[in-house]
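Peer 1: Quick one, input-v2.cif (mmCIF, C-alpha atoms (C1' of nucleotides)):
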```cif
data_my_file
loop_
_atom_site.group_PDB
_atom_site.id
_atom_site.type_symbol
_atom_site.label_atom_id
_atom_site.label_comp_id
_atom_site.auth_asym_id
_atom_site.auth_seq_id
_atom_site.Cartn_x
_atom_site.Cartn_y
_atom_site.Cartn_z
ATOM 1 C CA MET A 24 16.078 66.081 -44.881
ATOM 2 C CA ARG A 25 18.544 68.844 -45.063
ATOM 3 C CA PRO A 26 18.561 70.891 -48.262
ATOM 4 C CA LYS A 27 21.804 70.854 -50.157
ATOM 5 C CA HIS A 28 23.829 74.028 -50.445
ATOM 6 C CA THR A 29 23.196 75.479 -53.875
ATOM 7 C CA THR A 30 26.294 77.630 -53.703
ATOM 8 C CA LEU A 31 29.741 77.083 -52.298
ATOM 9 C CA THR A 32 30.115 76.097 -48.668
ATOM 10 C CA PRO A 33 32.597 78.098 -46.574
ATOM 11 C CA GLN A 34 35.444 75.636 -46.963
ATOM 12 C CA GLU A 35 34.772 75.151 -50.644
ATOM 13 C CA LEU A 36 34.905 78.900 -51.142
ATOM 14 C CA GLU A 37 38.180 79.150 -49.263
ATOM 15 C CA ILE A 38 39.735 76.640 -51.621
ATOM 16 C CA MET A 39 38.243 78.184 -54.752
ATOM 17 C CA LYS A 40 39.709 81.553 -53.825
ATOM 18 C CA LEU A 41 43.161 80.010 -53.691
ATOM 19 C CA VAL A 42 42.669 78.220 -56.998
ATOM 20 C CA TRP A 43 41.536 81.456 -58.658
ATOM 21 C CA GLN A 44 44.694 83.127 -57.432
ATOM 22 C CA ARG A 45 46.900 80.419 -58.954
ATOM 23 C CA GLU A 46 45.059 78.978 -61.917
ATOM 24 C CA PRO A 47 46.034 76.206 -62.325
ATOM 25 C CA ALA A 48 46.804 74.605 -58.993
ATOM 26 C CA THR A 49 47.599 71.161 -57.689
ATOM 27 C CA VAL A 50 46.333 69.664 -54.474
ATOM 28 C CA ARG A 51 49.761 70.274 -53.047
ATOM 29 C CA ASP A 52 49.669 73.963 -53.951
ATOM 30 C CA ILE A 53 46.398 74.453 -52.124
ATOM 31 C CA TYR A 54 47.429 72.235 -49.239
ATOM 32 C CA GLU A 55 50.509 74.346 -48.629
ATOM 33 C CA ALA A 56 48.586 77.576 -48.908
ATOM 34 C CA LEU A 57 46.016 76.383 -46.389
ATOM 35 C CA LEU A 58 48.724 75.154 -44.024
ATOM 36 C CA GLU A 59 49.907 78.739 -43.610
ATOM 37 C CA HIS A 60 46.726 79.503 -41.768
ATOM 38 C CA ARG A 61 45.662 76.280 -40.100
ATOM 39 C CA LYS A 62 46.355 72.622 -39.523
ATOM 40 C CA ILE A 63 44.873 70.458 -42.224
ATOM 41 C CA ALA A 64 45.595 67.071 -43.804
ATOM 42 C CA TYR A 65 46.675 66.660 -47.386
ATOM 43 C CA THR A 66 43.904 64.171 -48.051
ATOM 44 C CA THR A 67 41.319 66.591 -46.723
ATOM 45 C CA VAL A 68 42.276 69.064 -49.399
ATOM 46 C CA MET A 69 42.194 66.305 -51.982
ATOM 47 C CA THR A 70 38.703 65.290 -50.962
ATOM 48 C CA MET A 71 37.461 68.859 -51.081
ATOM 49 C CA MET A 72 38.900 69.424 -54.527
ATOM 50 C CA LYS A 73 37.356 66.203 -55.749
ATOM 51 C CA ILE A 74 34.009 67.402 -54.434
ATOM 52 C CA LEU A 75 34.484 70.722 -56.190
ATOM 53 C CA GLU A 76 35.155 68.800 -59.356
ATOM 54 C CA THR A 77 32.033 66.658 -59.108
ATOM 55 C CA LYS A 78 30.037 69.788 -58.361
ATOM 56 C CA GLY A 79 31.387 71.278 -61.556
ATOM 57 C CA TYR A 80 33.471 74.089 -60.115
ATOM 58 C CA LEU A 81 36.839 72.589 -60.996
ATOM 59 C CA LYS A 82 38.123 70.499 -63.851
ATOM 60 C CA LYS A 83 41.280 68.449 -63.615
ATOM 61 C CA ARG A 84 43.897 67.289 -66.072
ATOM 62 C CA ARG A 85 46.726 64.877 -65.486
ATOM 63 C CA GLN A 86 50.143 66.460 -65.617
ATOM 64 C CA ASP A 87 53.028 64.108 -64.905
ATOM 65 C CA ARG A 88 51.814 62.098 -61.970
ATOM 66 C CA ALA A 89 49.524 64.598 -60.316
ATOM 67 C CA PHE A 90 46.294 66.295 -61.301
ATOM 68 C CA VAL A 91 46.225 69.964 -62.128
ATOM 69 C CA TYR A 92 42.987 71.769 -61.368
ATOM 70 C CA ARG A 93 41.460 74.761 -63.102
ATOM 71 C CA PRO A 94 38.274 76.669 -62.293
ATOM 72 C CA THR A 95 35.394 76.229 -64.723
ATOM 73 C CA HIS A 96 33.910 79.617 -63.877
ATOM 74 C CA THR A 97 35.385 82.992 -63.084
ATOM 75 C CA LYS A 98 35.456 84.346 -59.585
ATOM 76 C CA ASN A 99 32.993 87.039 -60.599
ATOM 77 C CA GLN A 100 30.504 84.502 -61.875
ATOM 78 C CA VAL A 101 30.602 82.347 -58.780
ATOM 79 C CA ILE A 102 30.663 85.129 -56.242
ATOM 80 C CA GLY A 103 27.937 86.900 -58.145
ATOM 81 C CA GLY A 104 25.820 83.788 -57.733
ATOM 82 C CA MET A 105 26.547 83.630 -54.033
ATOM 83 C CA LEU A 106 25.577 87.247 -53.659
ATOM 84 C CA ARG A 107 22.319 86.682 -55.473
ATOM 85 C CA GLU A 108 21.504 83.693 -53.291
ATOM 86 C CA PHE A 109 22.276 85.745 -50.186
ATOM 87 C CA ILE A 110 20.081 88.608 -51.290
ATOM 88 C CA ASP A 111 17.247 86.205 -52.062
ATOM 89 C CA ARG A 112 17.505 84.409 -48.759
ATOM 90 C CA VAL A 113 18.185 87.306 -46.416
ATOM 91 C CA PHE A 114 16.660 90.318 -48.144
ATOM 92 C CA ASN A 115 13.898 88.579 -50.064
ATOM 93 C CA GLY A 116 15.536 89.373 -53.360
ATOM 94 C CA SER A 117 15.847 93.124 -53.195
ATOM 95 C CA ALA A 118 19.233 94.749 -52.967
ATOM 96 C CA GLU A 119 18.123 98.104 -51.676
ATOM 97 C CA PRO A 120 17.742 97.193 -47.998
ATOM 98 C CA LEU A 121 21.184 95.640 -48.236
ATOM 99 C CA LEU A 122 22.532 98.932 -49.445
ATOM 100 C CA VAL A 123 20.784 100.719 -46.616
ATOM 101 C CA HIS A 124 22.521 98.423 -44.171
ATOM 102 C CA LEU A 125 25.893 99.098 -45.739
ATOM 103 C CA VAL A 126 25.385 102.819 -45.489
ATOM 104 C CA LYS A 127 24.003 102.867 -41.979
ATOM 105 C CA THR A 128 26.771 100.690 -40.599
ATOM 106 C CA ARG A 129 29.340 102.903 -42.345
ATOM 107 C CA HIS A 130 30.602 99.979 -44.358
ATOM 108 C CA ILE A 131 30.054 102.223 -47.335
ATOM 109 C CA ARG A 132 30.783 105.929 -47.245
ATOM 110 C CA GLU A 133 29.946 108.797 -49.505
ATOM 111 C CA LYS A 134 33.237 108.532 -51.338
ATOM 112 C CA GLU A 135 32.486 104.984 -52.450
ATOM 113 C CA LEU A 136 28.983 105.876 -53.507
ATOM 114 C CA GLN A 137 30.353 108.581 -55.755
ATOM 115 C CA LYS A 138 32.812 106.129 -57.200
ATOM 116 C CA MET A 139 29.884 103.837 -57.967
ATOM 117 C CA ALA A 140 27.951 106.635 -59.586
ATOM 118 C CA ARG A 141 30.865 107.152 -61.937
ATOM 119 C CA LEU A 142 30.956 103.435 -62.612
ATOM 120 C CA ILE A 143 27.339 103.507 -63.639
ATOM 121 C CA GLU A 144 28.106 106.327 -66.040
ATOM 122 C CA GLU A 145 30.769 104.204 -67.679
ATOM 123 C CA ILE A 146 28.488 101.209 -68.010
ATOM 124 C CA LYS A 147 25.549 102.826 -69.675
ATOM 125 C CA MET B 23 34.612 68.361 -37.568
ATOM 126 C CA ARG B 24 32.177 70.760 -39.039
ATOM 127 C CA PRO B 25 32.325 74.356 -37.772
ATOM 128 C CA LYS B 26 29.153 75.646 -36.251
ATOM 129 C CA HIS B 27 27.207 78.356 -38.010
ATOM 130 C CA THR B 28 27.921 81.592 -36.180
ATOM 131 C CA THR B 29 24.863 83.240 -37.638
ATOM 132 C CA LEU B 30 21.387 81.989 -38.397
ATOM 133 C CA THR B 31 20.997 78.948 -40.611
ATOM 134 C CA PRO B 32 18.535 79.245 -43.518
ATOM 135 C CA GLN B 33 15.648 77.585 -41.686
ATOM 136 C CA GLU B 34 16.336 79.507 -38.521
ATOM 137 C CA LEU B 35 16.250 82.746 -40.470
ATOM 138 C CA GLU B 36 12.983 81.800 -42.126
ATOM 139 C CA ILE B 37 11.408 81.328 -38.726
ATOM 140 C CA MET B 38 12.914 84.471 -37.240
ATOM 141 C CA LYS B 39 11.490 86.539 -40.086
ATOM 142 C CA LEU B 40 8.024 85.277 -39.259
ATOM 143 C CA VAL B 41 8.483 85.955 -35.553
ATOM 144 C CA TRP B 42 9.670 89.506 -36.259
ATOM 145 C CA GLN B 43 6.535 90.073 -38.308
ATOM 146 C CA ARG B 44 4.300 88.942 -35.462
ATOM 147 C CA GLU B 45 6.102 89.650 -32.214
ATOM 148 C CA PRO B 46 5.094 87.761 -30.188
ATOM 149 C CA ALA B 47 4.292 84.451 -31.781
ATOM 150 C CA THR B 48 3.432 80.962 -30.661
ATOM 151 C CA VAL B 49 4.680 77.757 -32.212
ATOM 152 C CA ARG B 50 1.265 77.383 -33.764
ATOM 153 C CA ASP B 51 1.424 80.834 -35.343
ATOM 154 C CA ILE B 52 4.704 80.020 -37.050
ATOM 155 C CA TYR B 53 3.631 76.514 -37.902
ATOM 156 C CA GLU B 54 0.587 77.795 -39.738
ATOM 157 C CA ALA B 55 2.562 80.459 -41.533
ATOM 158 C CA LEU B 56 5.119 77.918 -42.717
ATOM 159 C CA LEU B 57 2.385 75.518 -43.809
ATOM 160 C CA GLU B 58 1.256 78.058 -46.395
ATOM 161 C CA HIS B 59 4.451 77.445 -48.291
ATOM 162 C CA ARG B 60 5.458 73.872 -47.541
ATOM 163 C CA LYS B 61 4.700 70.680 -45.695
ATOM 164 C CA ILE B 62 6.174 70.669 -42.208
ATOM 165 C CA ALA B 63 5.385 69.041 -38.881
ATOM 166 C CA TYR B 64 4.295 70.998 -35.841
ATOM 167 C CA THR B 65 7.015 69.419 -33.731
ATOM 168 C CA THR B 66 9.636 70.427 -36.260
ATOM 169 C CA VAL B 67 8.738 74.054 -35.748
ATOM 170 C CA MET B 68 8.780 73.525 -31.999
ATOM 171 C CA THR B 69 12.245 72.038 -32.116
ATOM 172 C CA MET B 70 13.542 74.887 -34.259
ATOM 173 C CA MET B 71 12.127 77.513 -31.947
ATOM 174 C CA LYS B 72 13.607 75.737 -28.956
ATOM 175 C CA ILE B 73 16.978 75.812 -30.699
ATOM 176 C CA LEU B 74 16.554 79.506 -31.419
ATOM 177 C CA GLU B 75 15.853 79.986 -27.747
ATOM 178 C CA THR B 76 18.955 78.130 -26.581
ATOM 179 C CA LYS B 77 20.994 80.084 -29.112
ATOM 180 C CA GLY B 78 19.659 83.247 -27.563
ATOM 181 C CA TYR B 79 17.621 84.576 -30.462
ATOM 182 C CA LEU B 80 14.234 83.979 -28.859
ATOM 183 C CA LYS B 81 12.908 84.169 -25.343
ATOM 184 C CA LYS B 82 9.724 82.461 -24.257
ATOM 185 C CA ARG B 83 7.087 83.121 -21.681
ATOM 186 C CA ARG B 84 4.208 80.924 -20.676
ATOM 187 C CA GLN B 85 0.805 82.303 -21.596
ATOM 188 C CA ASP B 86 -2.118 80.086 -20.678
ATOM 189 C CA ARG B 87 -0.931 76.649 -21.692
ATOM 190 C CA ALA B 88 1.405 77.518 -24.524
ATOM 191 C CA PHE B 89 4.666 79.397 -24.790
ATOM 192 C CA VAL B 90 4.798 82.770 -26.433
ATOM 193 C CA TYR B 91 8.058 83.668 -28.111
ATOM 194 C CA ARG B 92 9.652 87.062 -28.629
ATOM 195 C CA PRO B 93 12.861 87.998 -30.399
ATOM 196 C CA THR B 94 15.732 89.151 -28.209
ATOM 197 C CA HIS B 95 17.280 91.246 -30.976
ATOM 198 C CA THR B 96 15.851 93.402 -33.708
ATOM 199 C CA LYS B 97 15.793 92.267 -37.306
ATOM 200 C CA ASN B 98 18.293 94.976 -38.167
ATOM 201 C CA GLN B 99 20.751 93.766 -35.560
ATOM 202 C CA VAL B 100 20.625 90.161 -36.637
ATOM 203 C CA ILE B 101 20.590 90.743 -40.365
ATOM 204 C CA GLY B 102 23.350 93.283 -39.980
ATOM 205 C CA GLY B 103 25.417 90.576 -38.337
ATOM 206 C CA MET B 104 24.681 88.154 -41.132
ATOM 207 C CA LEU B 105 25.701 90.733 -43.682
ATOM 208 C CA ARG B 106 28.960 91.381 -41.896
ATOM 209 C CA GLU B 107 29.727 87.675 -41.743
ATOM 210 C CA PHE B 108 28.974 87.353 -45.445
ATOM 211 C CA ILE B 109 31.208 90.261 -46.363
ATOM 212 C CA ASP B 110 34.015 88.832 -44.251
ATOM 213 C CA ARG B 111 33.710 85.375 -45.728
ATOM 214 C CA VAL B 112 33.054 86.186 -49.353
ATOM 215 C CA PHE B 113 34.630 89.592 -49.864
ATOM 216 C CA ASN B 114 37.389 89.398 -47.282
ATOM 217 C CA GLY B 115 35.773 92.090 -45.211
ATOM 218 C CA SER B 116 35.502 94.935 -47.665
ATOM 219 C CA ALA B 117 32.133 96.112 -48.873
ATOM 220 C CA GLU B 118 33.266 97.920 -51.977
ATOM 221 C CA PRO B 119 33.629 94.900 -54.282
ATOM 222 C CA LEU B 120 30.189 93.867 -53.124
ATOM 223 C CA LEU B 121 28.869 97.224 -54.236
ATOM 224 C CA VAL B 122 30.624 96.823 -57.575
ATOM 225 C CA HIS B 123 28.851 93.515 -58.045
ATOM 226 C CA LEU B 124 25.494 95.062 -57.258
ATOM 227 C CA VAL B 125 26.038 97.811 -59.763
ATOM 228 C CA LYS B 126 27.402 95.632 -62.546
ATOM 229 C CA THR B 127 24.612 93.102 -62.259
ATOM 230 C CA ARG B 128 22.069 95.932 -62.281
ATOM 231 C CA HIS B 129 20.803 94.924 -58.878
ATOM 232 C CA ILE B 130 21.383 98.539 -57.962
ATOM 233 C CA ARG B 131 20.675 101.393 -60.338
ATOM 234 C CA GLU B 132 21.520 105.026 -60.357
ATOM 235 C CA LYS B 133 18.239 105.975 -58.773
ATOM 236 C CA GLU B 134 18.977 103.908 -55.684
ATOM 237 C CA LEU B 135 22.483 105.235 -55.400
ATOM 238 C CA GLN B 136 21.137 108.747 -55.339
ATOM 239 C CA LYS B 137 18.659 107.755 -52.709
ATOM 240 C CA MET B 138 21.568 106.431 -50.647
ATOM 241 C CA ALA B 139 23.517 109.603 -51.127
ATOM 242 C CA ARG B 140 20.591 111.491 -49.633
ATOM 243 C CA LEU B 141 20.480 108.995 -46.775
ATOM 244 C CA ILE B 142 24.102 109.689 -46.013
ATOM 245 C CA GLU B 143 23.349 113.397 -45.885
ATOM 246 C CA GLU B 144 20.661 112.755 -43.288
ATOM 247 C CA ILE B 145 22.920 110.612 -41.168
ATOM 248 C CA LYS B 146 25.886 112.889 -40.857
ATOM 249 C "C1'" DC C 25 66.383 45.769 -56.751
ATOM 250 C "C1'" DT C 26 64.994 48.175 -52.765
ATOM 251 C "C1'" DT C 27 63.452 52.182 -50.595
ATOM 252 C "C1'" DG C 28 61.435 56.665 -49.946
ATOM 253 C "C1'" DA C 29 58.680 60.362 -51.608
ATOM 254 C "C1'" DC C 30 54.508 61.609 -53.425
ATOM 255 C "C1'" DA C 31 50.368 60.917 -55.657
ATOM 256 C "C1'" DT C 32 45.445 59.013 -55.904
ATOM 257 C "C1'" DA C 33 41.438 56.004 -54.456
ATOM 258 C "C1'" DC C 34 38.467 54.595 -51.130
ATOM 259 C "C1'" DG C 35 36.202 54.398 -46.971
ATOM 260 C "C1'" DA C 36 34.819 56.074 -42.701
ATOM 261 C "C1'" DA C 37 34.149 58.962 -38.584
ATOM 262 C "C1'" DT C 38 32.340 63.221 -36.598
ATOM 263 C "C1'" DT C 39 29.382 67.119 -36.084
ATOM 264 C "C1'" DA C 40 25.744 70.265 -37.491
ATOM 265 C "C1'" DA C 41 21.258 70.985 -39.492
ATOM 266 C "C1'" DT C 42 16.787 69.500 -40.325
ATOM 267 C "C1'" DT C 43 12.839 66.849 -39.716
ATOM 268 C "C1'" DA C 44 9.505 64.312 -37.259
ATOM 269 C "C1'" DG C 45 7.530 60.543 -34.250
ATOM 270 C "C1'" DT C 46 5.931 59.074 -29.641
ATOM 271 C "C1'" DA C 47 4.805 59.691 -24.886
ATOM 272 C "C1'" DC C 48 2.834 62.429 -21.622
ATOM 273 C "C1'" DT C 49 0.043 66.358 -19.514
ATOM 274 C "C1'" DA C 50 -3.661 69.648 -18.867
ATOM 275 C "C1'" DC C 51 -7.903 71.435 -19.837
ATOM 276 C "C1'" DA C 52 -12.508 71.781 -21.669
ATOM 277 C "C1'" DA C 53 -16.523 69.784 -23.702
ATOM 278 C "C1'" DA C 54 -19.818 66.128 -23.835
ATOM 279 C "C1'" DT D 26 -16.141 61.151 -15.668
ATOM 280 C "C1'" DT D 27 -14.607 60.132 -20.066
ATOM 281 C "C1'" DT D 28 -12.703 61.741 -24.192
ATOM 282 C "C1'" DG D 29 -10.731 64.746 -27.567
ATOM 283 C "C1'" DT D 30 -7.717 68.596 -28.372
ATOM 284 C "C1'" DA D 31 -3.647 71.147 -27.993
ATOM 285 C "C1'" DG D 32 0.389 71.742 -25.936
ATOM 286 C "C1'" DT D 33 5.389 70.300 -24.407
ATOM 287 C "C1'" DA D 34 9.336 67.003 -23.640
ATOM 288 C "C1'" DC D 35 12.173 63.738 -25.267
ATOM 289 C "C1'" DT D 36 14.242 60.847 -28.588
ATOM 290 C "C1'" DA D 37 15.786 59.646 -32.900
ATOM 291 C "C1'" DA D 38 16.645 59.371 -37.839
ATOM 292 C "C1'" DT D 39 18.539 61.420 -42.002
ATOM 293 C "C1'" DT D 40 21.546 64.118 -44.838
ATOM 294 C "C1'" DA D 41 25.222 67.436 -45.677
ATOM 295 C "C1'" DA D 42 29.706 69.175 -44.540
ATOM 296 C "C1'" DT D 43 34.193 68.445 -42.994
ATOM 297 C "C1'" DT D 44 38.022 65.882 -41.808
ATOM 298 C "C1'" DC D 45 41.418 62.335 -42.195
ATOM 299 C "C1'" DG D 46 43.391 57.407 -42.211
ATOM 300 C "C1'" DT D 47 44.830 53.433 -44.809
ATOM 301 C "C1'" DA D 48 45.774 51.022 -48.963
ATOM 302 C "C1'" DT D 49 47.855 51.182 -53.195
ATOM 303 C "C1'" DG D 50 50.582 52.603 -57.224
ATOM 304 C "C1'" DT D 51 54.455 54.936 -59.572
ATOM 305 C "C1'" DC D 52 58.703 56.872 -60.245
ATOM 306 C "C1'" DA D 53 63.416 58.144 -59.196
ATOM 307 C "C1'" DA D 54 67.503 57.810 -56.410
ATOM 308 C "C1'" DG D 55 70.735 54.948 -54.222
#
```
Taking this structure as input, can you express it in the form of C-alpha cells?

Peer 2:
Amino acid sequence: MRPKHTTLTPQELEIMKLVWQREPATVRDIYEALLEHRKIAYTTVMTMMKILETKGYLKKRRQDRAFVYRPTHTKNQVIGGMLREFIDRVFNGSAEPLLVHLVKTRHIREKELQKMARLIEEIK
Amino acid sequence: MRPKHTTLTPQELEIMKLVWQREPATVRDIYEALLEHRKIAYTTVMTMMKILETKGYLKKRRQDRAFVYRPTHTKNQVIGGMLREFIDRVFNGSAEPLLVHLVKTRHIREKELQKMARLIEEIK
DNA sequence: CTTGACATACGAATTAATTAGTACTACAAA
DNA sequence: TTTGTAGTACTAATTAATTCGTATGTCAAG
C-alpha cells in the first residue's frame, strides 16, 4: 500500500496558494487563474477543490448558484506544517543541516542572516 | 496524468540514506536495516533498488552471487536538489521566507545563526 | 416556452508509487 | 546427488494523485 500524503500534494498546494491570494474564491476564479499558466479543465479544478474540502483545507458556502471557498487555515500554518514534514523526512528532524545547505549553496547570504538575527531580537 | 516525481520519493529517500551510510550495500543489507523499523519483503527492497538504479541514483556490480550497490551521487548533491525543488514549489524559489519560518517556529535559534555567520566567513 | 450559459454531482480513466508473490538459478552442504 | 539457501527476474496487485467527461439542474434572456 502506498502511504497517503499527510501534507498538501503539489497540485493541491498550487490551488491553495491561489485561494489564499483571493480569499474567498470560486472554482471559476481558480480555474481562470490556472488557465493563465496551463491547459486544465474546469471540472478538474472542481474535483481538486472538493478534495481540499474533504481534507479540511477549504470550507465552502453557497453564494447565489455557485460555491464560494475559503481556507480553514492560514498560509503560514499550512506551509509551516509542510516545512516541518520536509525537515523530518529529509533532515531527520533537525533544521541545522538544512541551514548549512542554504548557506553553502548561496541561497542564503550574510545579509539575510543578519536580517534574521534582528528578527530574533524582536521576537524574544 | 500524474506528473512524475523529479526528485526522490519518500521510500526511495529512505533507502538511499541507508545506502549512503554503508556504501556499498547489498539488497540484504538494506532489507535487514529496514526490517528493524517495519515489516517489508525482501523483494520489495530489491524492486526499489532496481528502480533507483534505472533512475540513475544507484549503480550495481556483481560480487560473488549478489549485486553490490553504490550511490552515483553524494548525499549532499541529492539532498541539495530536493531542497531546491522544495523551495521552488513551496516558497516560489526564494529561501528567505523559509528562513523566516525556521526562526519564528524556533526551529533555528540565535546560536545556530551565529554558527552560520561564522560558516559564511570561512567560505568567502 | 425554449435555449444557452454556468454550475454541481458523479463516475471513470490514467499514471506513479509501493508492495510483494512466484518462478527460476546457482552454489554449498549433507 | 539431492536438497536447502540465497539470490535475481518477472509479473502483478493495490492505492494515491491527477485529470476530465457526461449527466443533470437552474436561472435568465430572447

Peer 1: With all atoms listed in the file considered, list every residue of chain A at most 10 Å from chain B, as a PDB file with C-alpha atoms, keeping the file's coordinate frame.

Peer 2:
```
ATOM      1  CA  ARG A  25      18.544  68.844 -45.063  1.00  0.00           C
ATOM      2  CA  PRO A  26      18.561  70.891 -48.262  1.00  0.00           C
ATOM      3  CA  PRO A  33      32.597  78.098 -46.574  1.00  0.00           C
ATOM      4  CA  GLN A  34      35.444  75.636 -46.963  1.00  0.00           C
ATOM      5  CA  LEU A  36      34.905  78.900 -51.142  1.00  0.00           C
ATOM      6  CA  GLU A  37      38.180  79.150 -49.263  1.00  0.00           C
ATOM      7  CA  LYS A  40      39.709  81.553 -53.825  1.00  0.00           C
ATOM      8  CA  ASN A  99      32.993  87.039 -60.599  1.00  0.00           C
ATOM      9  CA  GLN A 100      30.504  84.502 -61.875  1.00  0.00           C
ATOM     10  CA  ILE A 102      30.663  85.129 -56.242  1.00  0.00           C
ATOM     11  CA  GLY A 103      27.937  86.900 -58.145  1.00  0.00           C
ATOM     12  CA  MET A 105      26.547  83.630 -54.033  1.00  0.00           C
ATOM     13  CA  LEU A 106      25.577  87.247 -53.659  1.00  0.00           C
ATOM     14  CA  ARG A 107      22.319  86.682 -55.473  1.00  0.00           C
ATOM     15  CA  PHE A 109      22.276  85.745 -50.186  1.00  0.00           C
ATOM     16  CA  ILE A 110      20.081  88.608 -51.290  1.00  0.00           C
ATOM     17  CA  ARG A 112      17.505  84.409 -48.759  1.00  0.00           C
ATOM     18  CA  VAL A 113      18.185  87.306 -46.416  1.00  0.00           C
ATOM     19  CA  PHE A 114      16.660  90.318 -48.144  1.00  0.00           C
ATOM     20  CA  GLY A 116      15.536  89.373 -53.360  1.00  0.00           C
ATOM     21  CA  SER A 117      15.847  93.124 -53.195  1.00  0.00           C
ATOM     22  CA  ALA A 118      19.233  94.749 -52.967  1.00  0.00           C
ATOM     23  CA  GLU A 119      18.123  98.104 -51.676  1.00  0.00           C
ATOM     24  CA  LEU A 121      21.184  95.640 -48.236  1.00  0.00           C
ATOM     25  CA  LEU A 122      22.532  98.932 -49.445  1.00  0.00           C
ATOM     26  CA  VAL A 123      20.784 100.719 -46.616  1.00  0.00           C
ATOM     27  CA  HIS A 124      22.521  98.423 -44.171  1.00  0.00           C
ATOM     28  CA  LEU A 125      25.893  99.098 -45.739  1.00  0.00           C
ATOM     29  CA  VAL A 126      25.385 102.819 -45.489  1.00  0.00           C
ATOM     30  CA  LYS A 127      24.003 102.867 -41.979  1.00  0.00           C
ATOM     31  CA  THR A 128      26.771 100.690 -40.599  1.00  0.00           C
ATOM     32  CA  ARG A 129      29.340 102.903 -42.345  1.00  0.00           C
ATOM     33  CA  HIS A 130      30.602  99.979 -44.358  1.00  0.00           C
ATOM     34  CA  ILE A 131      30.054 102.223 -47.335  1.00  0.00           C
ATOM     35  CA  ARG A 132      30.783 105.929 -47.245  1.00  0.00           C
ATOM     36  CA  GLU A 133      29.946 108.797 -49.505  1.00  0.00           C
ATOM     37  CA  LYS A 134      33.237 108.532 -51.338  1.00  0.00           C
ATOM     38  CA  GLU A 135      32.486 104.984 -52.450  1.00  0.00           C
ATOM     39  CA  LEU A 136      28.983 105.876 -53.507  1.00  0.00           C
ATOM     40  CA  GLN A 137      30.353 108.581 -55.755  1.00  0.00           C
ATOM     41  CA  LYS A 138      32.812 106.129 -57.200  1.00  0.00           C
ATOM     42  CA  MET A 139      29.884 103.837 -57.967  1.00  0.00           C
ATOM     43  CA  ALA A 140      27.951 106.635 -59.586  1.00  0.00           C
ATOM     44  CA  ARG A 141      30.865 107.152 -61.937  1.00  0.00           C
ATOM     45  CA  LEU A 142      30.956 103.435 -62.612  1.00  0.00           C
ATOM     46  CA  ILE A 143      27.339 103.507 -63.639  1.00  0.00           C
ATOM     47  CA  GLU A 144      28.106 106.327 -66.040  1.00  0.00           C
ATOM     48  CA  ILE A 146      28.488 101.209 -68.010  1.00  0.00           C
TER      49      ILE A 146
END
```

Peer 1: I need every residue sitting at most 12 Å from the point (7.5, 91.1, -32.4) (coordinates as in the file, only C-alpha atoms (C1' of nucleotides) considered), written as a PDB file with C-alpha atoms, in the frame of the given file.

Peer 2:
```pdb
ATOM      1  CA  MET B  38      12.914  84.471 -37.240  1.00  0.00           C
ATOM      2  CA  LYS B  39      11.490  86.539 -40.086  1.00  0.00           C
ATOM      3  CA  LEU B  40       8.024  85.277 -39.259  1.00  0.00           C
ATOM      4  CA  VAL B  41       8.483  85.955 -35.553  1.00  0.00           C
ATOM      5  CA  TRP B  42       9.670  89.506 -36.259  1.00  0.00           C
ATOM      6  CA  GLN B  43       6.535  90.073 -38.308  1.00  0.00           C
ATOM      7  CA  ARG B  44       4.300  88.942 -35.462  1.00  0.00           C
ATOM      8  CA  GLU B  45       6.102  89.650 -32.214  1.00  0.00           C
ATOM      9  CA  PRO B  46       5.094  87.761 -30.188  1.00  0.00           C
ATOM     10  CA  ALA B  47       4.292  84.451 -31.781  1.00  0.00           C
ATOM     11  CA  THR B  48       3.432  80.962 -30.661  1.00  0.00           C
ATOM     12  CA  LEU B  80      14.234  83.979 -28.859  1.00  0.00           C
ATOM     13  CA  LYS B  81      12.908  84.169 -25.343  1.00  0.00           C
ATOM     14  CA  VAL B  90       4.798  82.770 -26.433  1.00  0.00           C
ATOM     15  CA  TYR B  91       8.058  83.668 -28.111  1.00  0.00           C
ATOM     16  CA  ARG B  92       9.652  87.062 -28.629  1.00  0.00           C
ATOM     17  CA  PRO B  93      12.861  87.998 -30.399  1.00  0.00           C
ATOM     18  CA  THR B  94      15.732  89.151 -28.209  1.00  0.00           C
ATOM     19  CA  HIS B  95      17.280  91.246 -30.976  1.00  0.00           C
ATOM     20  CA  THR B  96      15.851  93.402 -33.708  1.00  0.00           C
ATOM     21  CA  LYS B  97      15.793  92.267 -37.306  1.00  0.00           C
TER      22      LYS B  97
END
```

Peer 1: When the PyMOL selection byres ((chain D and resi 52) around 10) is applied to the file above, which residues end up in the set, as an MDAnalysis selection string?

Peer 2: (chainID A and resid 88) or (chainID C and resid 29:30) or (chainID D and resid 50:51 53:54)

Peer 1: Please, what distance in Å, to one decimal, runs between atom C1' of D:DT30 and atom C1' of C:DT42?

Peer 2: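 Rounded to one decimal, the two atoms are 27.3 Å apart.
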
Peer 1: Determine, for each residue of chain A having at least one atom at most 12 Å from an atom of chain C, the closest pair of atoms and their separation in Å to one decimal, counting only C-alpha atoms (C1' of nucleotides); order by chain and ascending number, as a tab-separated table.

Peer 2:
```
residue	atom	partner	partner_atom	distance
A:Met24	CA	C:DT42	C1'	5.7
A:Arg25	CA	C:DT42	C1'	5.1
A:Pro26	CA	C:DT42	C1'	8.3
A:Lys27	CA	C:DA41	C1'	10.7
A:His28	CA	C:DA41	C1'	11.7
A:Thr49	CA	C:DA31	C1'	10.8
A:Val50	CA	C:DA31	C1'	9.7
A:Arg51	CA	C:DA31	C1'	9.7
A:Tyr65	CA	C:DA31	C1'	10.7
A:Thr66	CA	C:DT32	C1'	9.5
A:Met69	CA	C:DT32	C1'	8.9
A:Thr70	CA	C:DA33	C1'	10.3
A:Lys73	CA	C:DT32	C1'	10.8
A:Arg85	CA	C:DA31	C1'	11.2
A:Gln86	CA	C:DA31	C1'	11.4
A:Asp87	CA	C:DA31	C1'	10.1
A:Arg88	CA	C:DA31	C1'	6.6
A:Ala89	CA	C:DA31	C1'	6.0
A:Phe90	CA	C:DA31	C1'	8.8
A:Val91	CA	C:DA31	C1'	11.9
```

Peer 1: Find the distance between atom CA of A:Lys83 and atom CA of A:Thr67 and write it in Å to one decimal.

Peer 2: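 That distance, rounded to one decimal, is 17.0 Å.
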